[in-house]
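Below: the structure, in structure tokens.
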Amino acid sequence: MKKTLTVIILIIISFFAVIYIRTNDNHIYITQFEPTTTRQMMGYGIKTKSGKIVLIDGGTEGDANEVEQYIIENGGKVDAWFLTHAHSDHMGAFEVISKNENINIETVYVSLNDREWYIQNDSTRQEEIMEFLDIIETKKDKIIEPQVGEKIKIDNLTATILGIKNPEITTNAGNNSSMVIQMQVNNKKILFLGDTGEESCNKLIEKYGKKLKSDIVQMAHHGQGGATEEFYKIVSPKICLWPTPQWLWDNNAYGEEDSGPWATKETRKWIENLNVTYNYVAKDGITEIEV
């Protein structure tokens, strides 16, 4: 009789434990999108505990279907869309999806220099940048330009803006004006860098120092020619997210490994030396990570 009663009590406890865990799930789920064209791209989706959807960039116009499908599968609404900078391998998908009247984009966070600045400092990408600025002009009611230090609370996720446009940096100008976002959930920090480069990294190190420490980092500029080794040492991540296609991962420009000019292999060595626990690379397909 005592054994039967004990079993019943254990079953009841287990039942309510499962209910408690399910109703108190404080996790978020990060999806790293994969390139669907031959170009490099960057796109991330985040689902909060109550199902709110946050996007970071999204990739090229050719990647729009992949991102759009993710939005539709999660209810057809984007609660917050962070666009790190005005290059088409980051904001092209947004340009396409923002025209879809069946998708509700609540708020867009973006930090942009004026047109003349881009003409003077990012001249090789003028056409794509001007097209993007034209679209942003039509979305003024949804646009918020965050400030450095601003905290944005989205359900169980808190996004802190560490960096915005850097008009004073004219070397590698467009990339160095990437928005830098540090998100926090469950005492874990996730750092999104966009395409931030050496000069922007130095500025961040000077301002924040050890506060840059994060559990997860998105590798800057697709894993090559972006953040510095010193910067990654300070961040000291356990997980690295690489928005990197196969050809860039292999430094393959002419059909064979190491035939290209890119520094991905060097960055890979830095991360290897940091004893990073997990590397998730976009070339390997769509990945979802629970945080």
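Every chain in the structure tokens takes a letter, A first, then B, and so on in the order presented; its residues are numbered from 1, and the ligands are numbered from 1 following the presented order.
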Could you make a table, as a Markdown table, of the residues of stretch 150-252 of chain A that have an atom within 7 Å of an atom of stretch 48-67 of chain A, each with its nearest atom pair and distance in Å to one decimal, counting only C-alpha atoms, in chain and number order?
```
| residue | atom | partner | partner_atom | distance |
| --- | --- | --- | --- | --- |
| A:Asp155 | CA | A:Thr48 | CA | 6.5 |
| A:Asn156 | CA | A:Thr48 | CA | 6.4 |
| A:Leu157 | CA | A:Thr48 | CA | 6.9 |
```
Residue set, stretch 59-234 of chain A restricted to helix (DSSP H, G or I), as JSON, numbers by chain: {"A": [61, 62, 63, 64, 65, 66, 67, 68, 69, 70, 71, 72, 73, 88, 89, 90, 91, 92, 93, 94, 95, 96, 97, 115, 116, 117, 118, 119, 120, 121, 123, 124, 125, 126, 127, 128, 129, 130, 131, 132, 133, 134, 135, 136, 137, 173, 174, 175, 176, 198, 199, 200, 201, 202, 203, 204, 205, 206, 207, 208, 209, 210, 211, 212, 220, 221, 222, 223, 229, 230, 231, 232, 233, 234]}
Each residue of stretch 194-215 of chain A with at least one atom at most 10 Å from stretch 77-85 of chain A should appear once, together with its nearest atom pair and the corresponding distance in Å (one decimal); atoms considered: only C-alpha atoms; ordering: chain, then increasing residue number; output as a tab-separated table.
```
residue	atom	partner	partner_atom	distance
A:Gly194	CA	A:Thr84	CA	5.6
A:Asp195	CA	A:Thr84	CA	8.0
A:Thr196	CA	A:Thr84	CA	9.1
```
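Our summary of the geometry notes that atom CA of A:Ala263 is positioned 29.6 Å from atom CA of A:Glu290.
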Run DSSP on the backbone of this structure and report the residues of stretch 93-227 of chain A it assigns to strand (DSSP E or B), as number ranges by chain. A: 104-105, 108-110, 143-144, 151-154, 157-163, 180-185, 188-192, 216-218
What lies within 12 Å of A:Trp117 using only C-alpha atoms, ignoring chain neighbours under 4 positions off, as a ChimeraX atom specification? /A:112-113,121-123,126,129-130,165-170,173-174,177
Env of A:Glu266: 10 Å cut, atoms = only C-alpha atoms, seq-sep filter 3 positions within chain, self excluded. Answer as an MDAnalysis selection string. chainID A and resid 223:225 229 262:263 269:272
Store the residues picked out above in a file with C-alpha atoms, as a compact mmCIF listing (two decimals), in the first residue's frame.
```txt
# COMPACT_ATOMS: atom_id res chain seq x y z
CA GLY A 223 34.45 35.73 -40.26
CA GLN A 224 37.17 37.55 -42.15
CA GLY A 225 38.64 41.03 -42.24
CA GLU A 229 42.12 39.02 -32.48
CA TRP A 262 40.29 36.40 -47.57
CA ALA A 263 41.46 36.08 -43.97
CA LYS A 269 42.88 29.98 -35.93
CA TRP A 270 42.19 32.79 -33.45
CA ILE A 271 38.94 31.11 -32.42
CA GLU A 272 40.61 27.71 -32.19
```
Could you tell me how far atom CA of A:Ile105 sits from atom CA of A:Lys142, in Å to one decimal place? 7.8 Å
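When only C-alpha atoms are used to compute distances to A:Ala227, the closest of the residues A:Asn275, A:Asn172, A:Thr37, A:Thr267 turns out to be A:Thr267.
In this comparison, which uses only C-alpha atoms, the residue of A:Thr264, A:Ser259, A:Thr36, A:Thr158 approaching A:Ala282 most closely is A:Thr36.
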For each of A:Ile136, A:Ile71, A:Ile205, A:Met41, take the minimum atom-to-atom distance to A:Glu95, counting only C-alpha atoms, then give the residue where this is smallest. A:Ile136
Report the distance between atom CA of A:Val291 and atom CA of A:Gln32 in Å, rounded to one decimal place. 13.2 Å
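Closest approach to A:Met219 from the set A:Tyr70, A:Phe192, A:Phe33, A:Trp249 is made by A:Phe192, with distances taken over only C-alpha atoms.
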Any idea what's packed within 7 Å of stretch 146-149 of chain A, counting only C-alpha atoms, ignoring anything in its chain fewer than 4 positions away? Could you give it as a list of chain:residue names? A:Tyr109, A:Ser111, A:Thr160, A:Ile161, A:Leu162, A:Gly163, A:Ile164
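Proximity of A:Thr38, A:His221, A:Ile286, A:Val185 to A:Gln246, computed with only C-alpha atoms, is greatest for A:Thr38.
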